[in-house]
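Worksheet: the structure to be examined is printed underneath.
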Amino acid sequence: MLVRKDFEPFASKVWLSSPTMHGDEKKWVEEAITSNWVSTVGENINEIEKMTAEKVGVKYAVALSSGTAALHLAIKLCGEKLYGQPKAGHGTLENVKIFCSDMTFAATVNPAAYEGGEAVFIDTEYDTWNMDPAALKKAFEIYPEVRLIVVSHLYGTPGKIDEIKKIADAHNALIVEDAAESFCASLEGRQTGTFGDVSVVSWNGNKLITGSSGGMLLTNKEEWADKARKWSTQSRENAPWYQHEEIGFNYRMSNIIAGVVRGQFPYAQEHREQKKAIYERYKAGLQGLPVSMNPLNGEPNYWLSCLLIAPDVMCRQVFGEKDICYVPEHRKSCPAEILEALSSINAEGRPIWKPMHMQPIYRMNPFIVRDGNGRARTNAYIEGSALDVGMDIFQRGLCLPSDNKMTKEQVDRVVEIIKACFE
C-alpha cells in the first residue's frame with residue numbers, strides 16, 4: 001500500500017456520498033410528530049408524491065419504504081400484466097426469464113427472484129457503463145419469448161434507454177426502469193424514470209437527496225398506482241374489517257421519512273451542481289494520467305465520480321471471493337492500491353459494482369454479450385474492447401469520494417494521492 005508522510009490524513013472523514021441536511025427537514029418531521037401523523041399516512045406523504053411526480057414528469061408516484069420495495073412492486077405489476085394473477089404461493093414470474101442489467105446493485109435484480117423469475121444478465125457497454133443495446137438484441141435472438149426488461153442507470157448517468165425502449169417495443173416487452181441512482185438526470189429532455197412502463201427512484205441515505213430511507217414507484221397508469229398502494233399496505237380491501245383477497249406487503253413509507261424527503265426536495269438541483277463540480281475538478285486534475293472518468297450521457301446527476309485505469313498500466317491483481325491481492329509496480333497501479341491509499345488519508349472510496357453474473361448467487365444464470373451467445377469467460381481484448389465489458393470495468397474501476405460537501409482542497413488532495421500511486 002502507498003504510504004507517504006507528506007499526505008496528512010483529513011481531520012474528519014471524507015465520505016463517498018453522505019446525507020446533507022439543511023434544516024427544512026426538521027420542520028416537516030416535527031409537524032408530523034406534533035400532529036400525531038407518524039404512521040404510513042399523512043400530509044408529508046401526499047406532498048412528496050405530488051412533488052416527485054411533477055419533478056420527474058409522470059402522472060403518479062407512490063411513496064414506499066425503500067427503492068427495493070418499489071422495484072419489487074414494479075416487477076410484480078409487470079408480471080401480472082404479462083402473465084396474469086398467480087396462484088397462492090407462486091410469484092407473478094414463476095419460471096419466466098427476465099432481461100436485467102448486469103453491472104448494478106443487487107437490489108435491481110433480486111425482486112425478479114422474489115417473484116419466481118430467472119434473471120438473464122445483459123452485458124454492459126463502455127459508452128455509458130449501462131446495459132448494452134447490442135447485447136440486448138442478441139438476447140432476444142436467443143430468448144425471443146422474453147417480455148420484461150429491468151434496466152438501471154449506473155452512478156447517475158442515463159443509459160441508452162431510448163435505444164433499449166425501441167428494442168423493447170419491437171418485441172412487445174415491458175420495461176422496469178431503475179432510476180434509483182439517477183434522480184434529476186435526463187436524456188433528450190426527459191427525466192430518467194419516464195422511459196419505463198413503471199419506474200423507481202430511491203431516497204436512500206447516500207442518494208442525491210434522501211429520507212434516510214424510502215423510495216418511489218412511478219407510473220402513468222392510475223390503476224397501477226392504486227394497486228401498488230394497496231399491495232404496499234398488506235392488500236387490505238375496502239371493508240370495515242381486515243379483508244384480504246391477495247398477498248400484500250408492509251411497504252408503505254412513514255410520514256416521518258416523507259418529512260425528511262420533503263425538506264430535502266428544494267435542494268436537489270443544488271446537490272447536483274455540487275456533484276458536477278466535483279466530477280469536473282477530478283477530470284481536470286487527472287489529465288495526463290493513464291486513467292479516465294466514468295462516461296457521461298445526456299444530462300447526468302453526477303451522483304458518483306468514478307475512475308477507470310488504462311489496461312496497460314494495471315499492476316498485477318487477483319480477486320478472491322472477499323479479498324484481493326495485488327503486486328505494487330513502478331508507474332502502475334490498480335483499484336485496490338488506490339482505495340487503500342485513499343483510506344490511509346481518511347477518505348472513502350468504493351469498488352465498482354461487481355457484475356451480477358459474477359456474484360455467487362447468480363453465477364449459473366444466463367449472461368449475454370454482444371459478440372457471443374453465452375457466458376464470456378475470458379477478459380481478452382478484441383480491438384480494444386473486452387469480451388466481458390462489465391467484468392473489465394469492475395476489475396479496472398473504482399468510485400472516488402464524491403460527497404457534495406467536499407471542498408476544492410479535498411478533491412485536489414485525492415487527485416494527488418491518485419497521481420502518487422502511479423509514481
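By convention here, the chains of the C-alpha cells are called A, B, ... in the order presented, each chain's residues are numbered starting at 1, and ligands are numbered starting at 1 in the order presented.
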Worksheet entry | Surrounding residues of stretch 330-338 of chain A excluding itself and chain neighbours under 3 positions, 9 Å, only C-alpha atoms, as a ChimeraX atom specification | /A:1-2,307-309,312-317,324-327,341-343,349-351,395-398,417-418,421-423
Worksheet entry | Surrounding residues of stretch 163-174 of chain A excluding itself and chain neighbours under 4 positions, 12 Å, only C-alpha atoms, as a ChimeraX atom specification | /A:74-82,97-101,122,130-141,143-152,158-159,187,194-199
Selected residues written out with C-alpha atoms, as a tab-separated table (two decimals), in the first residue's frame:
chain	number	residue	atom	x	y	z
A	74	ALA	CA	-42.86	-2.63	-10.20
A	75	ILE	CA	-41.77	-6.10	-11.29
A	76	LYS	CA	-44.88	-7.64	-9.75
A	77	LEU	CA	-47.11	-5.21	-11.66
A	78	CYS	CA	-45.43	-6.08	-14.95
A	79	GLY	CA	-45.56	-9.80	-14.21
A	80	GLU	CA	-49.29	-9.66	-13.51
A	81	LYS	CA	-49.88	-7.60	-16.67
A	82	LEU	CA	-47.95	-10.13	-18.78
A	97	LYS	CA	-36.88	-15.31	-17.88
A	98	ILE	CA	-36.30	-11.56	-17.43
A	99	PHE	CA	-33.56	-9.49	-19.10
A	100	CYS	CA	-31.68	-7.49	-16.45
A	101	SER	CA	-28.82	-5.03	-16.24
A	122	ILE	CA	-27.20	-8.36	-20.32
A	130	ASN	CA	-25.06	0.64	-18.66
A	131	MET	CA	-26.98	-2.11	-20.46
A	132	ASP	CA	-25.63	-2.69	-23.98
A	133	PRO	CA	-28.44	-2.42	-26.60
A	134	ALA	CA	-26.44	-4.66	-28.97
A	135	ALA	CA	-26.25	-7.37	-26.30
A	136	LEU	CA	-29.98	-6.92	-25.64
A	137	LYS	CA	-30.72	-7.52	-29.33
A	138	LYS	CA	-28.60	-10.66	-29.15
A	139	ALA	CA	-30.52	-11.76	-26.07
A	140	PHE	CA	-33.83	-11.52	-27.92
A	141	GLU	CA	-32.40	-13.69	-30.70
A	143	TYR	CA	-34.76	-15.90	-25.92
A	144	PRO	CA	-37.46	-14.40	-28.17
A	145	GLU	CA	-40.16	-15.28	-25.63
A	146	VAL	CA	-38.94	-12.76	-23.01
A	147	ARG	CA	-41.36	-9.91	-22.31
A	148	LEU	CA	-39.77	-7.97	-19.45
A	149	ILE	CA	-36.58	-5.88	-19.20
A	150	VAL	CA	-35.20	-4.44	-15.94
A	151	VAL	CA	-32.69	-1.69	-16.70
A	152	SER	CA	-30.74	0.63	-14.40
A	158	PRO	CA	-28.54	7.66	-18.16
A	159	GLY	CA	-28.10	4.51	-20.20
A	187	LEU	CA	-31.85	12.17	-21.67
A	194	THR	CA	-40.20	8.39	-17.53
A	195	PHE	CA	-38.96	5.83	-20.07
A	196	GLY	CA	-40.15	2.68	-18.31
A	197	ASP	CA	-43.66	1.27	-18.19
A	198	VAL	CA	-43.07	1.58	-14.46
A	199	SER	CA	-40.02	3.14	-12.81
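Here the question is which of A:His22, A:Arg363, A:Lys230, A:Lys50 gets nearest to A:Glu118 using only C-alpha atoms, and that residue is A:Arg363.
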Worksheet item: Between atom CA of A:Gln85 and atom CA of A:Gly117, what is the spacing in Å?
Response: 14.4 Å
Members of stretch 182-415 of chain A assigned strand (DSSP E) by DSSP, as a PDB file with N, CA and C atoms, in the first residue's frame:
ATOM      1  N   SER A 186     -31.305  13.338 -16.960  1.00  0.00           N
ATOM      2  CA  SER A 186     -32.234  13.340 -18.089  1.00  0.00           C
ATOM      3  C   SER A 186     -31.532  12.944 -19.380  1.00  0.00           C
ATOM      4  N   LEU A 187     -32.326  12.535 -20.333  1.00  0.00           N
ATOM      5  CA  LEU A 187     -31.853  12.171 -21.671  1.00  0.00           C
ATOM      6  C   LEU A 187     -32.818  12.761 -22.676  1.00  0.00           C
ATOM      7  N   ARG A 190     -35.895  14.444 -21.306  1.00  0.00           N
ATOM      8  CA  ARG A 190     -36.800  13.663 -20.449  1.00  0.00           C
ATOM      9  C   ARG A 190     -36.041  13.143 -19.242  1.00  0.00           C
ATOM     10  N   GLN A 191     -36.646  13.273 -18.075  1.00  0.00           N
ATOM     11  CA  GLN A 191     -36.036  12.763 -16.868  1.00  0.00           C
ATOM     12  C   GLN A 191     -35.991  11.234 -16.910  1.00  0.00           C
ATOM     13  N   VAL A 198     -43.022   1.234 -15.878  1.00  0.00           N
ATOM     14  CA  VAL A 198     -43.071   1.584 -14.461  1.00  0.00           C
ATOM     15  C   VAL A 198     -41.625   1.779 -14.023  1.00  0.00           C
ATOM     16  N   SER A 199     -41.392   2.765 -13.165  1.00  0.00           N
ATOM     17  CA  SER A 199     -40.023   3.143 -12.812  1.00  0.00           C
ATOM     18  C   SER A 199     -39.911   3.369 -11.308  1.00  0.00           C
ATOM     19  N   VAL A 200     -38.667   3.512 -10.834  1.00  0.00           N
ATOM     20  CA  VAL A 200     -38.458   3.745  -9.407  1.00  0.00           C
ATOM     21  C   VAL A 200     -37.331   4.754  -9.201  1.00  0.00           C
ATOM     22  N   VAL A 201     -37.412   5.471  -8.071  1.00  0.00           N
ATOM     23  CA  VAL A 201     -36.295   6.262  -7.571  1.00  0.00           C
ATOM     24  C   VAL A 201     -36.085   5.887  -6.107  1.00  0.00           C
ATOM     25  N   SER A 202     -34.917   6.241  -5.583  1.00  0.00           N
ATOM     26  CA  SER A 202     -34.556   5.885  -4.214  1.00  0.00           C
ATOM     27  C   SER A 202     -34.232   7.123  -3.397  1.00  0.00           C
ATOM     28  N   GLY A 215     -38.350   5.162  -1.016  1.00  0.00           N
ATOM     29  CA  GLY A 215     -38.277   5.150  -2.468  1.00  0.00           C
ATOM     30  C   GLY A 215     -39.634   5.462  -3.062  1.00  0.00           C
ATOM     31  N   MET A 216     -39.677   5.544  -4.373  1.00  0.00           N
ATOM     32  CA  MET A 216     -40.910   5.878  -5.084  1.00  0.00           C
ATOM     33  C   MET A 216     -41.120   4.953  -6.275  1.00  0.00           C
ATOM     34  N   LEU A 217     -42.340   4.520  -6.452  1.00  0.00           N
ATOM     35  CA  LEU A 217     -42.752   3.845  -7.677  1.00  0.00           C
ATOM     36  C   LEU A 217     -43.419   4.882  -8.561  1.00  0.00           C
ATOM     37  N   LEU A 218     -43.027   4.949  -9.833  1.00  0.00           N
ATOM     38  CA  LEU A 218     -43.510   5.954 -10.767  1.00  0.00           C
ATOM     39  C   LEU A 218     -44.232   5.290 -11.927  1.00  0.00           C
ATOM     40  N   THR A 219     -45.379   5.835 -12.305  1.00  0.00           N
ATOM     41  CA  THR A 219     -46.136   5.268 -13.415  1.00  0.00           C
ATOM     42  C   THR A 219     -47.105   6.304 -13.970  1.00  0.00           C
ATOM     43  N   VAL A 291      -5.677   7.335 -16.944  1.00  0.00           N
ATOM     44  CA  VAL A 291      -6.978   6.994 -16.363  1.00  0.00           C
ATOM     45  C   VAL A 291      -8.049   7.792 -17.092  1.00  0.00           C
ATOM     46  N   SER A 292      -9.309   7.372 -16.938  1.00  0.00           N
ATOM     47  CA  SER A 292     -10.438   8.122 -17.482  1.00  0.00           C
ATOM     48  C   SER A 292     -11.568   8.112 -16.461  1.00  0.00           C
ATOM     49  N   MET A 293     -12.405   9.127 -16.537  1.00  0.00           N
ATOM     50  CA  MET A 293     -13.559   9.214 -15.646  1.00  0.00           C
ATOM     51  C   MET A 293     -14.715   8.397 -16.220  1.00  0.00           C
ATOM     52  N   CYS A 306     -16.306   8.369 -10.805  1.00  0.00           N
ATOM     53  CA  CYS A 306     -15.595   7.081 -10.856  1.00  0.00           C
ATOM     54  C   CYS A 306     -14.390   7.179 -11.781  1.00  0.00           C
ATOM     55  N   LEU A 307     -13.506   6.219 -11.620  1.00  0.00           N
ATOM     56  CA  LEU A 307     -12.229   6.213 -12.333  1.00  0.00           C
ATOM     57  C   LEU A 307     -12.038   4.860 -13.011  1.00  0.00           C
ATOM     58  N   LEU A 308     -11.466   4.869 -14.219  1.00  0.00           N
ATOM     59  CA  LEU A 308     -11.120   3.640 -14.926  1.00  0.00           C
ATOM     60  C   LEU A 308      -9.648   3.721 -15.323  1.00  0.00           C
ATOM     61  N   ILE A 309      -8.874   2.736 -14.884  1.00  0.00           N
ATOM     62  CA  ILE A 309      -7.430   2.707 -15.157  1.00  0.00           C
ATOM     63  C   ILE A 309      -7.177   2.046 -16.512  1.00  0.00           C
ATOM     64  N   GLN A 317      -3.079  -8.190 -10.248  1.00  0.00           N
ATOM     65  CA  GLN A 317      -4.016  -8.348  -9.143  1.00  0.00           C
ATOM     66  C   GLN A 317      -4.822  -9.634  -9.334  1.00  0.00           C
ATOM     67  N   VAL A 318      -5.272 -10.188  -8.230  1.00  0.00           N
ATOM     68  CA  VAL A 318      -6.095 -11.397  -8.246  1.00  0.00           C
ATOM     69  C   VAL A 318      -7.250 -11.196  -7.275  1.00  0.00           C
ATOM     70  N   PHE A 319      -8.479 -11.430  -7.746  1.00  0.00           N
ATOM     71  CA  PHE A 319      -9.657 -11.329  -6.904  1.00  0.00           C
ATOM     72  C   PHE A 319      -9.976 -12.681  -6.270  1.00  0.00           C
ATOM     73  N   ILE A 324      -8.727  -9.242  -2.188  1.00  0.00           N
ATOM     74  CA  ILE A 324      -7.978  -9.021  -3.419  1.00  0.00           C
ATOM     75  C   ILE A 324      -6.505  -8.894  -3.074  1.00  0.00           C
ATOM     76  N   CYS A 325      -5.671  -9.490  -3.921  1.00  0.00           N
ATOM     77  CA  CYS A 325      -4.216  -9.383  -3.773  1.00  0.00           C
ATOM     78  C   CYS A 325      -3.657  -8.659  -4.999  1.00  0.00           C
ATOM     79  N   TYR A 326      -2.707  -7.778  -4.769  1.00  0.00           N
ATOM     80  CA  TYR A 326      -2.077  -7.110  -5.896  1.00  0.00           C
ATOM     81  C   TYR A 326      -0.585  -6.938  -5.614  1.00  0.00           C
ATOM     82  N   ARG A 350     -14.783   3.269  -3.158  1.00  0.00           N
ATOM     83  CA  ARG A 350     -15.509   2.001  -3.232  1.00  0.00           C
ATOM     84  C   ARG A 350     -15.195   1.319  -4.552  1.00  0.00           C
ATOM     85  N   PRO A 351     -15.150  -0.006  -4.573  1.00  0.00           N
ATOM     86  CA  PRO A 351     -15.050  -0.693  -5.867  1.00  0.00           C
ATOM     87  C   PRO A 351     -16.289  -0.428  -6.717  1.00  0.00           C
ATOM     88  N   PHE A 367     -25.942 -15.258 -19.233  1.00  0.00           N
ATOM     89  CA  PHE A 367     -25.277 -13.959 -19.364  1.00  0.00           C
ATOM     90  C   PHE A 367     -24.977 -13.747 -20.835  1.00  0.00           C
ATOM     91  N   ILE A 368     -25.439 -12.613 -21.385  1.00  0.00           N
ATOM     92  CA  ILE A 368     -25.362 -12.373 -22.828  1.00  0.00           C
ATOM     93  C   ILE A 368     -24.453 -11.191 -23.125  1.00  0.00           C
ATOM     94  N   TYR A 381      -8.952  -9.006 -25.086  1.00  0.00           N
ATOM     95  CA  TYR A 381      -9.413  -7.813 -25.777  1.00  0.00           C
ATOM     96  C   TYR A 381      -9.543  -8.067 -27.276  1.00  0.00           C
ATOM     97  N   ILE A 382     -10.607  -7.522 -27.852  1.00  0.00           N
ATOM     98  CA  ILE A 382     -10.797  -7.565 -29.289  1.00  0.00           C
ATOM     99  C   ILE A 382     -10.862  -6.118 -29.764  1.00  0.00           C
ATOM    100  N   SER A 385     -11.583  -3.741 -26.964  1.00  0.00           N
ATOM    101  CA  SER A 385     -12.777  -3.945 -26.138  1.00  0.00           C
ATOM    102  C   SER A 385     -12.764  -5.335 -25.539  1.00  0.00           C
ATOM    103  N   ALA A 386     -13.128  -5.424 -24.253  1.00  0.00           N
ATOM    104  CA  ALA A 386     -13.180  -6.719 -23.593  1.00  0.00           C
ATOM    105  C   ALA A 386     -14.407  -7.497 -24.042  1.00  0.00           C
ATOM    106  N   GLY A 397     -11.899  -0.413 -12.421  1.00  0.00           N
ATOM    107  CA  GLY A 397     -12.553   0.813 -11.989  1.00  0.00           C
ATOM    108  C   GLY A 397     -12.717   0.943 -10.493  1.00  0.00           C
ATOM    109  N   LEU A 398     -12.974   2.165 -10.049  1.00  0.00           N
ATOM    110  CA  LEU A 398     -13.295   2.425  -8.648  1.00  0.00           C
ATOM    111  C   LEU A 398     -14.104   3.704  -8.544  1.00  0.00           C
ATOM    112  N   CYS A 399     -14.850   3.834  -7.441  1.00  0.00           N
ATOM    113  CA  CYS A 399     -15.628   5.034  -7.152  1.00  0.00           C
ATOM    114  C   CYS A 399     -14.826   5.932  -6.223  1.00  0.00           C
TER     115      CYS A 399
END
Which residues of stretch 272-353 of chain A come within 10 Å of stretch 253-268 of chain A, and what is each one's closest atom pair and distance in Å (one decimal), counting only C-alpha atoms, sorted by chain and residue number, as JSON lines?
{"residue": "A:Arg272", "atom": "CA", "partner": "A:Ala268", "partner_atom": "CA", "distance": 6.3}
{"residue": "A:Glu273", "atom": "CA", "partner": "A:Ala268", "partner_atom": "CA", "distance": 8.8}
{"residue": "A:Asn301", "atom": "CA", "partner": "A:Ala268", "partner_atom": "CA", "distance": 9.6}
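The spacing separating atom CA of A:Phe394 from atom CA of A:Lys408 amounts to 27.5 Å.
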Item to complete: Could you tell me which of A:Pro9, A:Gly248, A:Gly67, A:Pro290 comes closest to A:Pro311 if we count only C-alpha atoms?
Response: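 Closest residue, counting only C-alpha atoms: A:Pro290.
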Give me the residues within 10 Å of A:Leu304 as an mmCIF file with N, CA, C and O atoms, in the first residue's frame, counting only C-alpha atoms and dropping any in the same chain fewer than 6 places off.
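What landed in result31.cif:
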data_model
loop_
_atom_site.group_PDB
_atom_site.id
_atom_site.type_symbol
_atom_site.label_atom_id
_atom_site.label_comp_id
_atom_site.auth_asym_id
_atom_site.auth_seq_id
_atom_site.Cartn_x
_atom_site.Cartn_y
_atom_site.Cartn_z
ATOM 1 N N LEU A 16 -17.793 8.835 0.753
ATOM 2 C CA LEU A 16 -18.159 8.569 -0.637
ATOM 3 C C LEU A 16 -19.332 9.451 -1.037
ATOM 4 O O LEU A 16 -19.294 10.161 -2.045
ATOM 5 N N SER A 17 -20.403 9.410 -0.254
ATOM 6 C CA SER A 17 -21.601 10.212 -0.522
ATOM 7 C C SER A 17 -22.491 10.137 0.707
ATOM 8 O O SER A 17 -23.170 9.125 0.917
ATOM 9 N N LEU A 154 -26.549 3.595 -14.162
ATOM 10 C CA LEU A 154 -25.458 3.451 -13.210
ATOM 11 C C LEU A 154 -24.836 4.788 -12.818
ATOM 12 O O LEU A 154 -24.486 5.606 -13.680
ATOM 13 N N TYR A 155 -24.675 4.979 -11.516
ATOM 14 C CA TYR A 155 -23.968 6.136 -10.946
ATOM 15 C C TYR A 155 -24.533 7.476 -11.394
ATOM 16 O O TYR A 155 -23.836 8.483 -11.399
ATOM 17 N N GLY A 156 -25.796 7.482 -11.803
ATOM 18 C CA GLY A 156 -26.452 8.729 -12.167
ATOM 19 C C GLY A 156 -26.344 9.112 -13.624
ATOM 20 O O GLY A 156 -26.824 10.182 -14.017
ATOM 21 N N THR A 157 -25.721 8.269 -14.449
ATOM 22 C CA THR A 157 -25.613 8.531 -15.892
ATOM 23 C C THR A 157 -26.665 7.742 -16.645
ATOM 24 O O THR A 157 -26.702 6.510 -16.529
ATOM 25 N N GLU A 181 -30.481 5.592 -8.810
ATOM 26 C CA GLU A 181 -29.256 6.384 -8.709
ATOM 27 C C GLU A 181 -29.293 7.654 -9.549
ATOM 28 O O GLU A 181 -28.342 8.439 -9.500
ATOM 29 N N ASN A 206 -27.488 7.655 0.873
ATOM 30 C CA ASN A 206 -26.351 8.146 0.092
ATOM 31 C C ASN A 206 -26.752 8.754 -1.252
ATOM 32 O O ASN A 206 -25.895 9.128 -2.038
ATOM 33 N N LYS A 207 -28.064 8.875 -1.512
ATOM 34 C CA LYS A 207 -28.514 9.373 -2.810
ATOM 35 C C LYS A 207 -28.479 10.897 -2.883
ATOM 36 O O LYS A 207 -28.168 11.587 -1.917
ATOM 37 N N LEU A 208 -28.836 11.428 -4.058
ATOM 38 C CA LEU A 208 -28.741 12.867 -4.310
ATOM 39 C C LEU A 208 -29.510 13.650 -3.250
ATOM 40 O O LEU A 208 -29.022 14.649 -2.713
ATOM 41 N N LYS A 275 -22.189 18.109 -7.028
ATOM 42 C CA LYS A 275 -21.609 16.847 -7.502
ATOM 43 C C LYS A 275 -20.939 17.037 -8.864
ATOM 44 O O LYS A 275 -19.870 16.473 -9.132
ATOM 45 N N LYS A 276 -21.566 17.824 -9.725
ATOM 46 C CA LYS A 276 -20.991 18.090 -11.045
ATOM 47 C C LYS A 276 -19.650 18.792 -10.925
ATOM 48 O O LYS A 276 -18.691 18.456 -11.629
ATOM 49 N N ILE A 278 -17.531 18.607 -8.502
ATOM 50 C CA ILE A 278 -16.544 17.628 -8.026
ATOM 51 C C ILE A 278 -16.056 16.770 -9.183
ATOM 52 O O ILE A 278 -14.846 16.549 -9.356
ATOM 53 N N TYR A 279 -16.997 16.264 -9.989
ATOM 54 C CA TYR A 279 -16.636 15.444 -11.158
ATOM 55 C C TYR A 279 -15.694 16.211 -12.081
ATOM 56 O O TYR A 279 -14.662 15.691 -12.517
ATOM 57 N N ASN A 294 -15.676 8.055 -15.358
ATOM 58 C CA ASN A 294 -16.868 7.369 -15.856
ATOM 59 C C ASN A 294 -17.542 8.228 -16.914
ATOM 60 O O ASN A 294 -17.604 9.459 -16.799
ATOM 61 N N CYS A 399 -14.850 3.834 -7.441
ATOM 62 C CA CYS A 399 -15.628 5.034 -7.152
ATOM 63 C C CYS A 399 -14.826 5.932 -6.223
ATOM 64 O O CYS A 399 -14.311 5.470 -5.193
ATOM 65 N N LEU A 400 -14.726 7.195 -6.577
ATOM 66 C CA LEU A 400 -13.965 8.163 -5.801
ATOM 67 C C LEU A 400 -14.848 8.844 -4.754
ATOM 68 O O LEU A 400 -16.076 8.876 -4.900
ATOM 69 N N PRO A 401 -14.245 9.411 -3.715
ATOM 70 C CA PRO A 401 -15.041 10.215 -2.781
ATOM 71 C C PRO A 401 -15.815 11.269 -3.559
ATOM 72 O O PRO A 401 -15.226 12.036 -4.325
ATOM 73 N N SER A 402 -17.136 11.308 -3.372
ATOM 74 C CA SER A 402 -17.991 12.177 -4.191
ATOM 75 C C SER A 402 -19.000 12.942 -3.344
ATOM 76 O O SER A 402 -20.059 13.339 -3.842
ATOM 77 N N ASP A 403 -18.693 13.117 -2.083
ATOM 78 C CA ASP A 403 -19.616 13.802 -1.190
ATOM 79 C C ASP A 403 -19.786 15.253 -1.613
ATOM 80 O O ASP A 403 -18.795 15.954 -1.868
ATOM 81 N N ASN A 404 -21.027 15.705 -1.700
ATOM 82 C CA ASN A 404 -21.268 17.057 -2.219
ATOM 83 C C ASN A 404 -20.730 18.153 -1.295
ATOM 84 O O ASN A 404 -20.654 19.316 -1.684
#
Worksheet item: Please, which residues of stretch 77-306 of chain A, numbered as in this document, come out helix (DSSP H, G or I) from DSSP, as a PyMOL selection string?
Response: chain A and resi 77-83+106-108+110-114+133-142+154-156+161-170+222-232+255-285
Worksheet item: Just how far from atom CA of A:Asn110 is atom CA of A:Lys322, in Å to one decimal?
Response: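 These atoms are spaced 20.5 Å apart.
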